[in-house]
file run.txt (compact mmCIF, C-alpha atoms)
# COMPACT_ATOMS: atom_id res chain seq x y z
CA MET A 1 -122.80 39.81 14.16
CA ALA A 2 -123.11 36.99 11.68
CA ILE A 3 -120.59 34.78 13.47
CA THR A 4 -122.26 35.32 16.85
CA LEU A 5 -125.63 34.40 15.37
CA LEU A 6 -124.10 31.39 13.64
CA LEU A 7 -122.60 30.25 16.92
CA ALA A 8 -125.91 30.66 18.73
CA GLY A 9 -127.75 28.91 15.92
CA SER A 10 -125.25 26.06 15.97
CA GLY A 11 -125.76 25.78 19.70
CA VAL A 12 -129.53 25.59 19.21
CA LEU A 13 -129.15 22.80 16.64
CA ALA A 14 -126.61 20.91 18.74
CA GLY A 15 -128.78 21.18 21.83
CA ALA A 16 -131.94 20.22 19.97
CA PHE A 17 -130.39 17.26 18.23
CA GLY A 18 -128.76 16.04 21.40
CA ALA A 19 -132.04 16.31 23.30
CA LEU A 20 -134.01 14.53 20.56
CA LEU A 21 -131.61 11.62 20.69
CA GLY A 22 -131.18 11.72 24.45
CA LEU A 23 -127.45 12.26 24.08
CA GLY A 24 -127.06 15.75 25.48
CA GLY A 25 -125.70 18.74 23.58
CA GLY A 26 -122.05 17.95 24.22
CA ILE A 27 -121.77 15.24 21.64
CA LEU A 28 -122.37 17.72 18.83
CA VAL A 29 -120.97 20.96 20.27
CA VAL A 30 -117.37 19.71 20.08
CA PRO A 31 -117.48 18.67 16.40
CA VAL A 32 -119.53 21.74 15.43
CA LEU A 33 -116.94 24.05 16.94
CA THR A 34 -113.85 22.16 15.71
CA LEU A 35 -115.08 21.28 12.24
CA GLY A 36 -117.36 24.23 11.56
CA PHE A 37 -115.58 27.12 13.23
CA GLY A 38 -111.97 25.90 13.45
CA VAL A 39 -111.94 26.14 17.24
CA PRO A 40 -109.06 24.20 18.84
CA PHE A 41 -110.21 20.86 20.29
CA ARG A 42 -109.52 21.65 23.96
CA GLU A 43 -111.35 24.96 23.68
CA ALA A 44 -114.29 23.18 22.06
CA VAL A 45 -114.33 20.63 24.89
CA ALA A 46 -114.25 23.40 27.51
CA THR A 47 -117.11 25.25 25.82
CA SER A 48 -119.09 22.03 25.57
CA LEU A 49 -118.60 21.36 29.28
CA LEU A 50 -119.96 24.81 30.14
CA ALA A 51 -123.00 24.19 27.93
CA VAL A 52 -123.54 20.79 29.51
CA ILE A 53 -123.40 22.25 33.03
CA THR A 54 -126.07 24.80 32.18
CA THR A 55 -128.51 22.33 30.65
CA SER A 56 -127.84 19.81 33.40
CA SER A 57 -128.59 22.34 36.15
CA ALA A 58 -131.86 23.32 34.49
CA SER A 59 -133.11 19.76 34.05
CA ALA A 60 -131.85 18.70 37.49
CA ALA A 61 -133.97 21.45 39.03
CA VAL A 62 -137.06 19.93 37.40
CA TYR A 63 -136.15 16.38 38.38
CA LEU A 64 -135.53 17.32 42.02
CA GLU A 65 -138.70 19.33 42.19
CA ARG A 66 -140.67 16.34 40.94
CA ARG A 67 -138.77 14.00 43.29
CA VAL A 68 -137.43 11.77 40.53
CA ALA A 69 -133.70 12.31 41.07
CA ASP A 70 -131.97 10.69 44.05
CA LEU A 71 -129.90 13.48 45.58
CA ARG A 72 -128.08 11.24 48.07
CA LEU A 73 -127.14 8.54 45.61
CA GLY A 74 -126.14 11.14 43.06
CA MET A 75 -123.84 12.89 45.49
CA THR A 76 -122.28 9.63 46.62
CA LEU A 77 -121.41 8.79 43.03
CA GLU A 78 -120.37 12.39 42.35
CA LEU A 79 -117.43 11.95 44.67
CA ALA A 80 -116.08 9.40 42.17
CA THR A 81 -117.04 11.30 39.01
CA ALA A 82 -115.48 14.50 40.34
CA ILE A 83 -112.19 12.72 41.03
CA GLY A 84 -112.35 11.11 37.59
CA ALA A 85 -113.08 14.48 35.99
CA VAL A 86 -110.09 16.14 37.64
CA VAL A 87 -107.86 13.31 36.45
CA GLY A 88 -109.37 13.53 32.97
CA GLY A 89 -108.92 17.28 32.88
CA LEU A 90 -105.23 16.91 33.69
CA ILE A 91 -104.77 14.18 31.09
CA ALA A 92 -106.42 16.41 28.48
CA PHE A 93 -103.50 18.83 28.69
CA LEU A 94 -100.89 16.08 28.50
CA VAL A 95 -102.02 14.41 25.28
CA SER A 96 -102.09 15.94 21.83
CA GLU A 97 -105.31 17.29 20.35
CA ARG A 98 -105.14 14.67 17.61
CA VAL A 99 -105.27 11.90 20.19
CA LEU A 100 -108.25 13.60 21.83
CA ALA A 101 -109.96 13.96 18.46
CA ALA A 102 -109.35 10.27 17.77
CA ALA A 103 -110.84 9.33 21.13
CA PHE A 104 -113.86 11.50 20.38
CA ALA A 105 -114.27 9.90 16.97
CA ALA A 106 -114.09 6.44 18.56
CA MET A 107 -116.78 7.45 21.03
CA LEU A 108 -119.00 8.65 18.19
CA VAL A 109 -118.54 5.42 16.25
CA TYR A 110 -119.34 3.37 19.35
CA THR A 111 -122.46 5.48 19.97
CA CYS A 112 -123.57 5.16 16.36
CA VAL A 113 -123.12 1.40 16.25
CA SER A 114 -124.67 0.60 19.61
CA MET A 115 -127.65 2.83 19.02
CA LEU A 116 -128.21 1.53 15.50
CA ARG A 117 -128.25 -2.00 16.88
CA ARG A 118 -130.88 -0.99 19.40
CA ALA A 119 -132.91 0.82 16.76
CA LEU A 120 -132.81 -2.19 14.40
CA ALA A 121 -133.76 -4.54 17.22
CA ARG A 122 -136.89 -2.50 18.02
CA PRO A 123 -138.49 -1.48 14.72
CA ALA A 124 -141.84 -0.66 16.37
CA ALA A 125 -140.37 1.62 19.04
CA THR A 126 -141.86 5.06 19.58
CA ALA A 127 -140.30 8.33 18.54
CA ALA A 128 -137.04 9.46 20.19
CA SER A 129 -136.16 5.86 20.97
CA VAL A 130 -133.05 5.81 18.79
CA VAL A 131 -130.73 6.37 21.70
CA GLY A 132 -132.71 6.31 24.91
CA VAL A 133 -133.65 3.30 26.98
CA ASP A 134 -137.21 2.03 27.26
CA VAL A 135 -138.99 2.85 30.49
CA PRO A 136 -140.64 -0.46 31.38
CA GLY A 137 -144.38 -0.44 31.50
CA GLU A 138 -144.71 3.13 30.31
CA GLY A 139 -144.01 2.96 26.59
CA ARG A 140 -141.75 5.98 26.87
CA ILE A 141 -138.10 6.54 26.35
CA ALA A 142 -135.77 7.99 28.96
CA PRO A 143 -132.86 9.91 27.40
CA LEU A 144 -129.44 8.71 28.46
CA GLY A 145 -127.93 11.99 29.41
CA GLY A 146 -129.61 14.95 27.78
CA PRO A 147 -131.96 17.38 29.46
CA ALA A 148 -135.57 16.33 29.57
CA ILE A 149 -138.76 17.24 31.34
CA ALA A 150 -139.27 14.92 34.29
CA GLU A 151 -142.48 12.98 34.61
CA PRO A 152 -144.78 14.11 37.42
CA GLY A 153 -144.89 11.75 40.36
CA THR A 154 -143.03 8.48 40.88
CA SER A 155 -144.06 4.87 40.97
CA GLU A 156 -143.80 2.74 44.09
CA GLU A 157 -140.78 0.97 42.64
CA GLU A 158 -139.05 4.28 42.07
CA GLN A 159 -139.71 5.44 45.62
CA SER A 160 -138.40 2.33 47.37
CA TYR A 161 -135.42 0.53 45.86
CA ARG A 162 -132.18 -0.84 47.22
CA VAL A 163 -128.88 0.21 45.76
CA SER A 164 -126.48 -2.69 45.27
CA ARG A 165 -122.85 -3.05 44.15
CA LEU A 166 -121.89 0.46 45.16
CA PRO A 167 -118.12 -0.14 44.62
CA LEU A 168 -118.79 -1.07 40.99
CA GLY A 169 -121.01 1.96 40.59
CA LEU A 170 -118.31 4.20 42.04
CA SER A 171 -115.68 2.75 39.67
CA LEU A 172 -117.89 3.28 36.64
CA SER A 173 -118.72 6.78 37.82
CA ALA A 174 -115.02 7.61 38.04
CA LEU A 175 -114.62 6.37 34.47
CA ALA A 176 -117.55 8.54 33.40
CA GLY A 177 -115.79 11.52 34.96
CA VAL A 178 -112.60 10.87 33.01
CA VAL A 179 -114.51 10.49 29.74
CA SER A 180 -116.53 13.63 30.41
CA ALA A 181 -113.43 15.74 31.02
CA LEU A 182 -111.57 14.42 27.98
CA LEU A 183 -114.40 14.65 25.47
CA GLY A 184 -116.60 17.47 26.75
CA ILE A 185 -119.70 15.31 27.20
CA GLY A 186 -121.90 14.74 30.21
CA GLY A 187 -121.05 11.08 30.67
CA GLY A 188 -124.66 9.95 30.98
CA ALA A 189 -124.04 7.07 28.60
CA VAL A 190 -121.85 5.50 31.31
CA LYS A 191 -123.63 6.72 34.42
CA VAL A 192 -127.17 5.63 33.53
CA PRO A 193 -126.26 2.02 32.73
CA ALA A 194 -124.00 1.97 35.80
CA MET A 195 -126.87 2.92 38.08
CA HIS A 196 -129.63 0.99 36.35
CA LEU A 197 -127.88 -2.20 35.28
CA ALA A 198 -125.08 -2.47 37.83
CA MET A 199 -126.70 -0.96 40.91
CA GLY A 200 -130.37 -1.86 40.46
CA VAL A 201 -131.69 1.70 40.39
CA PRO A 202 -134.98 2.16 38.49
CA LEU A 203 -134.30 3.57 35.04
CA ARG A 204 -136.16 6.83 35.40
CA VAL A 205 -134.40 7.55 38.70
CA ALA A 206 -131.04 6.62 37.12
CA THR A 207 -131.62 9.00 34.22
CA ALA A 208 -132.74 11.85 36.43
CA THR A 209 -129.89 11.30 38.88
CA SER A 210 -127.38 11.17 36.02
CA ASN A 211 -128.65 14.56 34.86
CA LEU A 212 -128.12 15.90 38.37
CA MET A 213 -124.57 14.51 38.52
CA ILE A 214 -123.48 15.96 35.20
CA GLY A 215 -123.18 19.44 36.71
CA VAL A 216 -120.55 18.52 39.29
CA THR A 217 -118.79 16.15 36.91
CA ALA A 218 -118.43 18.78 34.21
CA SER A 219 -117.58 21.65 36.55
CA ALA A 220 -114.73 19.70 38.17
CA SER A 221 -112.84 19.67 34.87
CA ALA A 222 -114.29 22.84 33.34
CA VAL A 223 -112.63 24.91 36.05
CA LEU A 224 -109.27 23.51 34.91
CA TYR A 225 -109.98 24.57 31.34
CA VAL A 226 -111.20 28.04 32.36
CA LEU A 227 -108.25 28.83 34.61
CA ARG A 228 -105.82 27.59 31.97
CA GLY A 229 -107.23 30.02 29.43
CA SER A 230 -108.98 27.46 27.23
CA VAL A 231 -112.28 29.30 27.02
CA ASP A 232 -113.05 32.18 24.66
CA PRO A 233 -116.10 33.90 26.20
CA TYR A 234 -117.10 35.40 22.84
CA VAL A 235 -117.55 31.83 21.54
CA ALA A 236 -118.75 30.15 24.73
CA GLY A 237 -121.51 32.65 25.47
CA PRO A 238 -123.62 32.19 22.32
CA ILE A 239 -123.02 28.43 22.32
CA VAL A 240 -124.13 27.99 25.94
CA ALA A 241 -127.25 30.07 25.41
CA GLY A 242 -128.03 28.34 22.11
CA VAL A 243 -127.61 24.81 23.47
CA PHE A 244 -129.94 25.55 26.36
CA VAL A 245 -132.64 26.98 24.07
CA GLY A 246 -132.35 24.10 21.61
CA ALA A 247 -132.37 21.39 24.24
CA SER A 248 -135.30 22.91 26.11
CA ALA A 249 -137.39 23.28 22.97
CA ALA A 250 -136.57 19.85 21.57
CA SER A 251 -137.31 17.99 24.79
CA ARG A 252 -140.85 19.30 24.63
CA VAL A 253 -141.52 18.10 21.10
CA ALA A 254 -139.45 14.92 20.95
CA HIS A 255 -142.51 12.70 21.26
CA ARG A 256 -143.99 14.22 18.10
CA ILE A 257 -141.03 13.42 15.85
CA PRO A 258 -141.47 10.25 13.78
CA LEU A 259 -138.92 7.57 14.56
CA SER A 260 -137.93 7.23 10.92
CA VAL A 261 -136.94 10.89 10.75
CA LEU A 262 -134.83 10.61 13.89
CA ARG A 263 -133.17 7.47 12.59
CA VAL A 264 -132.16 9.13 9.32
CA LEU A 265 -130.93 12.23 11.15
CA PHE A 266 -129.00 10.08 13.58
CA VAL A 267 -127.25 7.98 10.94
CA VAL A 268 -126.45 10.86 8.61
CA VAL A 269 -125.32 13.45 11.13
CA LEU A 270 -123.43 11.36 13.65
CA GLY A 271 -121.95 9.15 10.97
CA TYR A 272 -120.66 12.16 9.02
CA VAL A 273 -119.29 13.76 12.16
CA ALA A 274 -117.53 10.53 13.13
CA VAL A 275 -115.86 10.36 9.71
CA GLU A 276 -114.77 14.00 9.84
CA MET A 277 -113.40 13.72 13.36
CA THR A 278 -111.47 10.59 12.38
CA ALA A 279 -110.04 12.39 9.37
CA ARG A 280 -109.08 15.29 11.59
CA ALA A 281 -107.29 12.96 13.97
CA LEU A 282 -105.34 11.67 10.99
CA GLY A 283 -104.56 15.20 9.82
CA ILE A 284 -106.78 14.99 6.73
CA SER A 285 -109.39 17.53 5.71
CA LEU A 286 -112.15 15.69 3.82
CA LEU A 287 -114.43 18.46 2.67
CA GLY A 288 -112.23 21.51 3.18
CA LEU A 289 -113.79 22.30 6.55
CA ARG A 290 -111.82 24.52 8.86
CA GLY A 291 -109.34 22.63 11.00
CA GLU A 292 -106.09 23.04 12.89
CA MET B 293 -138.59 10.17 51.47
CA SER B 294 -138.81 12.17 54.71
CA GLU B 295 -140.36 15.61 54.78
CA ARG B 296 -137.02 17.22 55.65
CA SER B 297 -135.40 15.47 52.69
CA GLU B 298 -138.13 16.76 50.42
CA VAL B 299 -137.63 20.28 51.71
CA LEU B 300 -133.90 20.01 50.99
CA ASP B 301 -134.57 18.71 47.48
CA GLN B 302 -136.93 21.61 46.82
CA ARG B 303 -134.37 24.15 48.04
CA VAL B 304 -131.67 22.65 45.85
CA ALA B 305 -134.07 22.66 42.90
CA ARG B 306 -134.85 26.32 43.46
CA LEU B 307 -131.15 27.21 43.66
CA LEU B 308 -130.41 25.42 40.40
CA GLY B 309 -133.42 26.88 38.60
CA VAL B 310 -132.86 30.49 39.63
CA GLY B 311 -129.10 30.27 39.17
CA THR B 312 -129.41 28.82 35.68
CA LEU B 313 -131.87 31.48 34.63
CA LEU B 314 -129.64 34.26 35.93
CA SER B 315 -126.60 32.74 34.22
CA LEU B 316 -128.42 32.58 30.89
CA VAL B 317 -129.63 36.17 31.16
CA LEU B 318 -126.07 37.37 31.77
CA VAL B 319 -124.58 35.25 28.99
CA THR B 320 -127.24 36.34 26.51
CA ALA B 321 -126.77 40.00 27.46
CA GLY B 322 -123.02 39.59 27.00
CA ALA B 323 -123.48 37.97 23.59
CA LEU B 324 -125.75 40.84 22.51
CA LEU B 325 -123.10 43.32 23.63
CA VAL B 326 -120.54 41.45 21.54
CA VAL B 327 -122.81 41.94 18.53
CA ALA B 328 -123.43 45.61 19.38
CA SER B 329 -119.72 46.29 19.78
CA GLY B 330 -118.98 44.94 16.30
CA ARG B 331 -116.64 42.25 17.59
CA THR B 332 -116.31 39.05 15.57
CA PRO B 333 -115.85 35.85 17.61
CA GLY B 334 -112.96 33.87 16.25
CA THR B 335 -111.25 36.91 14.78
CA ASP B 336 -111.55 38.94 17.99
CA VAL B 337 -110.59 36.63 20.81
CA GLY B 338 -112.23 37.29 24.14
CA PRO B 339 -109.93 37.80 27.13
CA ASP B 340 -109.13 34.88 29.44
CA PHE B 341 -110.80 34.92 32.81
CA ASP B 342 -109.18 37.43 35.14
CA ALA B 343 -110.86 37.92 38.52
CA ALA B 344 -109.28 41.36 38.90
CA ARG B 345 -110.90 42.58 35.69
CA LEU B 346 -114.39 41.26 36.34
CA VAL B 347 -115.79 44.20 38.29
CA PRO B 348 -114.19 46.91 36.10
CA ASP B 349 -115.50 45.13 32.98
CA LEU B 350 -118.99 44.92 34.47
CA VAL B 351 -119.00 48.57 35.49
CA ALA B 352 -117.84 49.57 32.02
CA LEU B 353 -120.48 47.25 30.50
CA ARG B 354 -117.89 45.41 28.44
CA PRO B 355 -119.30 42.20 26.93
CA GLU B 356 -116.58 40.03 28.48
CA GLY B 357 -117.67 41.20 31.94
CA LEU B 358 -121.23 39.94 31.51
CA LEU B 359 -120.11 36.82 29.65
CA TRP B 360 -117.60 35.80 32.29
CA LEU B 361 -120.00 36.52 35.14
CA GLY B 362 -122.68 34.39 33.48
CA LEU B 363 -120.28 31.56 32.66
CA LEU B 364 -118.79 31.64 36.16
CA LEU B 365 -122.22 31.55 37.73
CA SER B 366 -123.03 28.47 35.68
CA LEU B 367 -119.68 26.93 36.64
CA VAL B 368 -120.10 27.44 40.39
CA LEU B 369 -123.79 26.50 40.52
CA PRO B 370 -123.11 22.76 41.00
CA THR B 371 -120.64 23.61 43.78
CA ALA B 372 -123.23 25.84 45.44
CA ARG B 373 -125.70 22.98 45.18
CA VAL B 374 -123.28 20.65 46.97
CA ALA B 375 -122.64 23.24 49.68
CA LEU B 376 -126.38 23.72 50.23
CA ALA B 377 -126.83 19.96 50.45
CA LEU B 378 -123.98 19.72 52.97
CA VAL B 379 -125.74 22.19 55.25
CA GLY B 380 -129.02 20.36 54.80
CA PHE B 381 -127.55 16.94 55.54
CA ALA B 382 -125.75 18.27 58.62
CA ARG B 383 -128.98 19.76 59.96
CA GLN B 384 -130.75 16.44 59.39
CA GLY B 385 -128.00 14.63 61.31
CA ASP B 386 -127.11 12.66 58.16
CA ARG B 387 -123.38 12.48 58.85
CA ARG B 388 -122.59 10.09 56.05
CA HIS B 389 -123.97 12.25 53.26
CA ALA B 390 -122.65 15.41 54.90
CA ALA B 391 -119.19 13.82 54.75
CA VAL B 392 -119.74 12.89 51.10
CA ALA B 393 -120.75 16.47 50.29
CA ALA B 394 -117.70 17.78 52.13
CA GLY B 395 -115.53 15.36 50.14
CA ILE B 396 -116.94 16.65 46.85
CA LEU B 397 -116.19 20.22 47.87
CA VAL B 398 -112.62 19.20 48.70
CA VAL B 399 -112.20 17.62 45.25
CA LEU B 400 -113.62 20.72 43.55
CA ALA B 401 -111.31 22.96 45.60
CA LEU B 402 -108.42 20.69 44.64
CA SER B 403 -109.31 21.15 40.99
CA VAL B 404 -109.10 24.93 41.38
CA ALA B 405 -105.82 24.66 43.29
CA ILE B 406 -104.26 22.40 40.67
CA ALA B 407 -105.35 24.75 37.90
CA LEU B 408 -103.89 27.78 39.68
CA VAL B 409 -100.60 26.07 40.48
CA THR B 410 -100.05 24.54 37.05
CA ARG B 411 -101.08 27.38 34.73

call {"tool": "encode", "arguments": {"input": "run.txt", "output": "structure tokens"}}
result
Amino acid sequence: MAITLLLAGSGVLAGAFGALLGLGGGILVVPVLTLGFGVPFREAVATSLLAVITTSSASAAVYLERRVADLRLGMTLELATAIGAVVGGLIAFLVSERVLAAAFAAMLVYTCVSMLRRALARPAATAASVVGVDVPGEGRIAPLGGPAIAEPGTSEEEQSYRVSRLPLGLSLSALAGVVSALLGIGGGAVKVPAMHLAMGVPLRVATATSNLMIGVTASASAVLYVLRGSVDPYVAGPIVAGVFVGASAASRVAHRIPLSVLRVLFVVVLGYVAVEMTARALGISLLGLRGE
Amino acid sequence: MSERSEVLDQRVARLLGVGTLLSLVLVTAGALLVVASGRTPGTDVGPDFDAARLVPDLVALRPEGLLWLGLLLSLVLPTARVALALVGFARQGDRRHAAVAAGILVVLALSVAIALVTR
């Protein structure tokens, strides 16, 4: 019973932390499972993908209901992310788990550094701005890929916009699919900038549409993991439920958390996880945590 | 956004919302059964997915039956969403997006086929 509760509790924390920072639960589920519970890396990635699908579907329902997500654009880009995800899922079984762990650690370091730079550049930003992108004119932060409650209604700009550079958007979406399948994350960190910066989609629409796309992206590779026996349902079940609960709760209170608290949490937790994952990739156990 | 597009978006939203809720109920029930059965995740490894065992496990109220049904429901929900959108686009006469939706379904089916052939 204790382990099941620990798994669920870990899922809640991972989901909450991911939602507070706008990163999605996936970025912490993989290290929590590999470092904390000794779960093999591929199994951790598969479990993370299942958790990401669940939270994505829930938030996408809200975004569609409130007419913020662009279903047509999302599906057009999904064709590319799905192909990328299948390719990534196949690659995941061809490379060693150490290589995958190293890639994950590199992704964490990149996320840490880029978000710290943004946080230092905007000292007066509001809470939950450590990772998200400012929504112009609203003083709010749109999370990059995690579940969030959509804002009611849309502005005129968000209702009428022209999508440009679709080929570039499709290429970046394919890359997001590969990354998602390899690392067990939603890929929002690639998709949102691709839509907003490369294709001219309003930020809130890009964020909501990215949330919608995560489901297909993750499921395209998750099915590979499931059918290849890389999912332990006794582990995946509590994690999936926990991540959903944590992400849902945190997205409702994110605006009340002081920025300084989030910044400290961000630096300490993600930085530590990045170090541990790097050590794991090198075959070193730093603090005696369970590993391969 | 046209009224028919809005209606489609609302239907897709409802599918995702209801499906997610159902998936979570099943997964949570399965996790509670794991606890009740005295199994320890990590030490006791849950069985891999086996379609032939799903119904017998559900009938016997084994935790893996509920867990796998919930996880599978979550896994197929995005595919169901694409299929619903395909029907909606076709009814609207939006051939381009209907073709895109059909393409996504082909890729997802390919993923399943590759997994079955290579396992």

call {"tool": "closest_atom_pairs", "arguments": {"input": "run.txt", "of": "chain B", "to": "chain A", "cutoff": "7 Å", "atoms": "only C-alpha atoms", "output": "Markdown table"}}
result
| residue | atom | partner | partner_atom | distance |
| --- | --- | --- | --- | --- |
| B:Asp301 | CA | A:Leu64 | CA | 5.7 |
| B:Gln302 | CA | A:Glu65 | CA | 5.5 |
| B:Ala305 | CA | A:Ala61 | CA | 4.1 |
| B:Arg306 | CA | A:Ala61 | CA | 6.6 |
| B:Leu308 | CA | A:Ala61 | CA | 5.5 |
| B:Gly309 | CA | A:Ala61 | CA | 5.5 |
| B:Thr312 | CA | A:Ala58 | CA | 6.1 |
| B:Leu316 | CA | A:Ala241 | CA | 6.1 |
| B:Val319 | CA | A:Gly237 | CA | 5.3 |
| B:Thr320 | CA | A:Ala241 | CA | 6.4 |
| B:Ala323 | CA | A:Pro238 | CA | 5.9 |
| B:Val327 | CA | A:Met1 | CA | 4.9 |
| B:Gly330 | CA | A:Met1 | CA | 6.7 |
| B:Thr332 | CA | A:Ile3 | CA | 6.4 |
| B:Pro333 | CA | A:Tyr234 | CA | 5.4 |
| B:Val337 | CA | A:Asp232 | CA | 6.4 |
| B:Gly338 | CA | A:Asp232 | CA | 5.2 |
| B:Pro339 | CA | A:Asp232 | CA | 6.9 |
| B:Asp340 | CA | A:Gly229 | CA | 5.2 |
| B:Phe341 | CA | A:Leu227 | CA | 6.8 |
| B:Glu356 | CA | A:Pro233 | CA | 6.6 |
| B:Leu359 | CA | A:Pro233 | CA | 6.0 |
| B:Trp360 | CA | A:Pro233 | CA | 6.6 |
| B:Ser366 | CA | A:Thr54 | CA | 5.9 |
| B:Leu367 | CA | A:Ser219 | CA | 5.7 |
| B:Pro370 | CA | A:Val216 | CA | 5.2 |
| B:Thr371 | CA | A:Val216 | CA | 6.8 |
| B:His389 | CA | A:Arg72 | CA | 6.7 |
| B:Val392 | CA | A:Thr76 | CA | 6.1 |
| B:Ala393 | CA | A:Met75 | CA | 6.7 |
| B:Gly395 | CA | A:Leu79 | CA | 6.7 |
| B:Ile396 | CA | A:Leu79 | CA | 5.2 |
| B:Val399 | CA | A:Ile83 | CA | 6.5 |
| B:Leu400 | CA | A:Ala220 | CA | 5.6 |
| B:Ser403 | CA | A:Val86 | CA | 6.1 |
| B:Val404 | CA | A:Val223 | CA | 6.4 |
| B:Ala407 | CA | A:Leu224 | CA | 5.1 |
| B:Leu408 | CA | A:Leu227 | CA | 6.8 |
| B:Arg411 | CA | A:Arg228 | CA | 5.5 |

call {"tool": "closest_residue", "arguments": {"input": "run.txt", "among": "B:Ala405, B:Ala344, B:Ala394, B:Val317", "to": "Phe381 of chain B", "atoms": "only C-alpha atoms"}}
result
B:Ala394

call {"tool": "closest_residue", "arguments": {"input": "run.txt", "among": "A:Pro202, A:Val261, A:Met277, A:Ala194", "to": "Ala174 of chain A", "atoms": "only C-alpha atoms"}}
result
A:Ala194

call {"tool": "residues_around", "arguments": {"input": "run.txt", "residues": "Val179 of chain A", "least_positions_apart": "3", "cutoff": "10 Å", "atoms": "all atoms listed in the file", "output": "count of residues only"}}
result
20

call {"tool": "closest_residue", "arguments": {"input": "run.txt", "among": "B:Val326, B:Val304, B:Ala390, B:Gly311", "to": "Val368 of chain B", "atoms": "all atoms listed in the file"}}
result
B:Gly311

call {"tool": "closest_residue", "arguments": {"input": "run.txt", "among": "A:Leu168, A:Ala19, A:Leu94, A:Ala101", "to": "Phe41 of chain A", "atoms": "only C-alpha atoms"}}
result
A:Ala101

call {"tool": "atom_distance", "arguments": {"input": "run.txt", "atom1": "atom CA of Val68 of chain A", "atom2": "atom CA of Ala208 of chain A"}}
result
6.2 Å

call {"tool": "atom_distance", "arguments": {"input": "run.txt", "atom1": "atom CA of Leu307 of chain B", "atom2": "atom CA of Pro348 of chain B"}}
result
27.1 Å

call {"tool": "atom_distance", "arguments": {"input": "run.txt", "atom1": "atom CA of Arg383 of chain B", "atom2": "atom CA of Arg303 of chain B"}}
result
13.8 Å

call {"tool": "residues_around", "arguments": {"input": "run.txt", "residues": "Val267 of chain A", "least_positions_apart": "5", "cutoff": "9 Å", "atoms": "all atoms listed in the file", "output": "PyMOL selection string"}}
result
chain A and resi 112+116+262+272

call {"tool": "write_last_selection", "arguments": {"input": "run.txt", "atoms": "C-alpha atoms", "output": "CSV table (one decimal), in the frame of the given file"}}
result
chain,number,residue,atom,x,y,z
A,112,CYS,CA,-123.6,5.2,16.4
A,116,LEU,CA,-128.2,1.5,15.5
A,262,LEU,CA,-134.8,10.6,13.9
A,272,TYR,CA,-120.7,12.2,9.0

call {"tool": "residues_around", "arguments": {"input": "run.txt", "residues": "Val275 of chain A", "least_positions_apart": "2", "cutoff": "10 Å", "atoms": "only C-alpha atoms", "output": "ChimeraX atom specification"}}
result
/A:105-106,108-109,270-273,277-281,286

call {"tool": "write_last_selection", "arguments": {"input": "run.txt", "atoms": "C-alpha atoms", "output": "mmCIF file, keeping the file's coordinate frame"}}
result
data_model
loop_
_atom_site.group_PDB
_atom_site.id
_atom_site.type_symbol
_atom_site.label_atom_id
_atom_site.label_comp_id
_atom_site.auth_asym_id
_atom_site.auth_seq_id
_atom_site.Cartn_x
_atom_site.Cartn_y
_atom_site.Cartn_z
ATOM 1 C CA ALA A 105 -114.270 9.900 16.970
ATOM 2 C CA ALA A 106 -114.090 6.440 18.560
ATOM 3 C CA LEU A 108 -119.000 8.650 18.190
ATOM 4 C CA VAL A 109 -118.540 5.420 16.250
ATOM 5 C CA LEU A 270 -123.430 11.360 13.650
ATOM 6 C CA GLY A 271 -121.950 9.150 10.970
ATOM 7 C CA TYR A 272 -120.660 12.160 9.020
ATOM 8 C CA VAL A 273 -119.290 13.760 12.160
ATOM 9 C CA MET A 277 -113.400 13.720 13.360
ATOM 10 C CA THR A 278 -111.470 10.590 12.380
ATOM 11 C CA ALA A 279 -110.040 12.390 9.370
ATOM 12 C CA ARG A 280 -109.080 15.290 11.590
ATOM 13 C CA ALA A 281 -107.290 12.960 13.970
ATOM 14 C CA LEU A 286 -112.150 15.690 3.820
#

call {"tool": "decode", "arguments": {"input": "run.txt", "residues": "segment 361-367 of chain B", "atoms": "N, CA and C atoms", "output": "PDB file, in the first residue's frame"}}
result
ATOM      1  N   LEU B 361      -7.819  -1.216 -18.749  1.00  0.00           N
ATOM      2  CA  LEU B 361      -8.952  -0.612 -19.450  1.00  0.00           C
ATOM      3  C   LEU B 361      -8.876   0.911 -19.356  1.00  0.00           C
ATOM      4  N   GLY B 362      -8.552   1.419 -18.164  1.00  0.00           N
ATOM      5  CA  GLY B 362      -8.436   2.860 -17.981  1.00  0.00           C
ATOM      6  C   GLY B 362      -7.293   3.452 -18.792  1.00  0.00           C
ATOM      7  N   LEU B 363      -6.139   2.773 -18.774  1.00  0.00           N
ATOM      8  CA  LEU B 363      -4.982   3.283 -19.518  1.00  0.00           C
ATOM      9  C   LEU B 363      -5.237   3.223 -21.021  1.00  0.00           C
ATOM     10  N   LEU B 364      -5.896   2.148 -21.462  1.00  0.00           N
ATOM     11  CA  LEU B 364      -6.198   2.024 -22.892  1.00  0.00           C
ATOM     12  C   LEU B 364      -7.180   3.097 -23.343  1.00  0.00           C
ATOM     13  N   LEU B 365      -8.166   3.342 -22.497  1.00  0.00           N
ATOM     14  CA  LEU B 365      -9.142   4.376 -22.830  1.00  0.00           C
ATOM     15  C   LEU B 365      -8.443   5.722 -23.011  1.00  0.00           C
ATOM     16  N   SER B 366      -7.530   6.026 -22.099  1.00  0.00           N
ATOM     17  CA  SER B 366      -6.769   7.263 -22.208  1.00  0.00           C
ATOM     18  C   SER B 366      -5.938   7.272 -23.492  1.00  0.00           C
ATOM     19  N   LEU B 367      -5.360   6.125 -23.819  1.00  0.00           N
ATOM     20  CA  LEU B 367      -4.493   6.006 -24.989  1.00  0.00           C
ATOM     21  C   LEU B 367      -5.262   6.194 -26.296  1.00  0.00           C
TER      22      LEU B 367
END
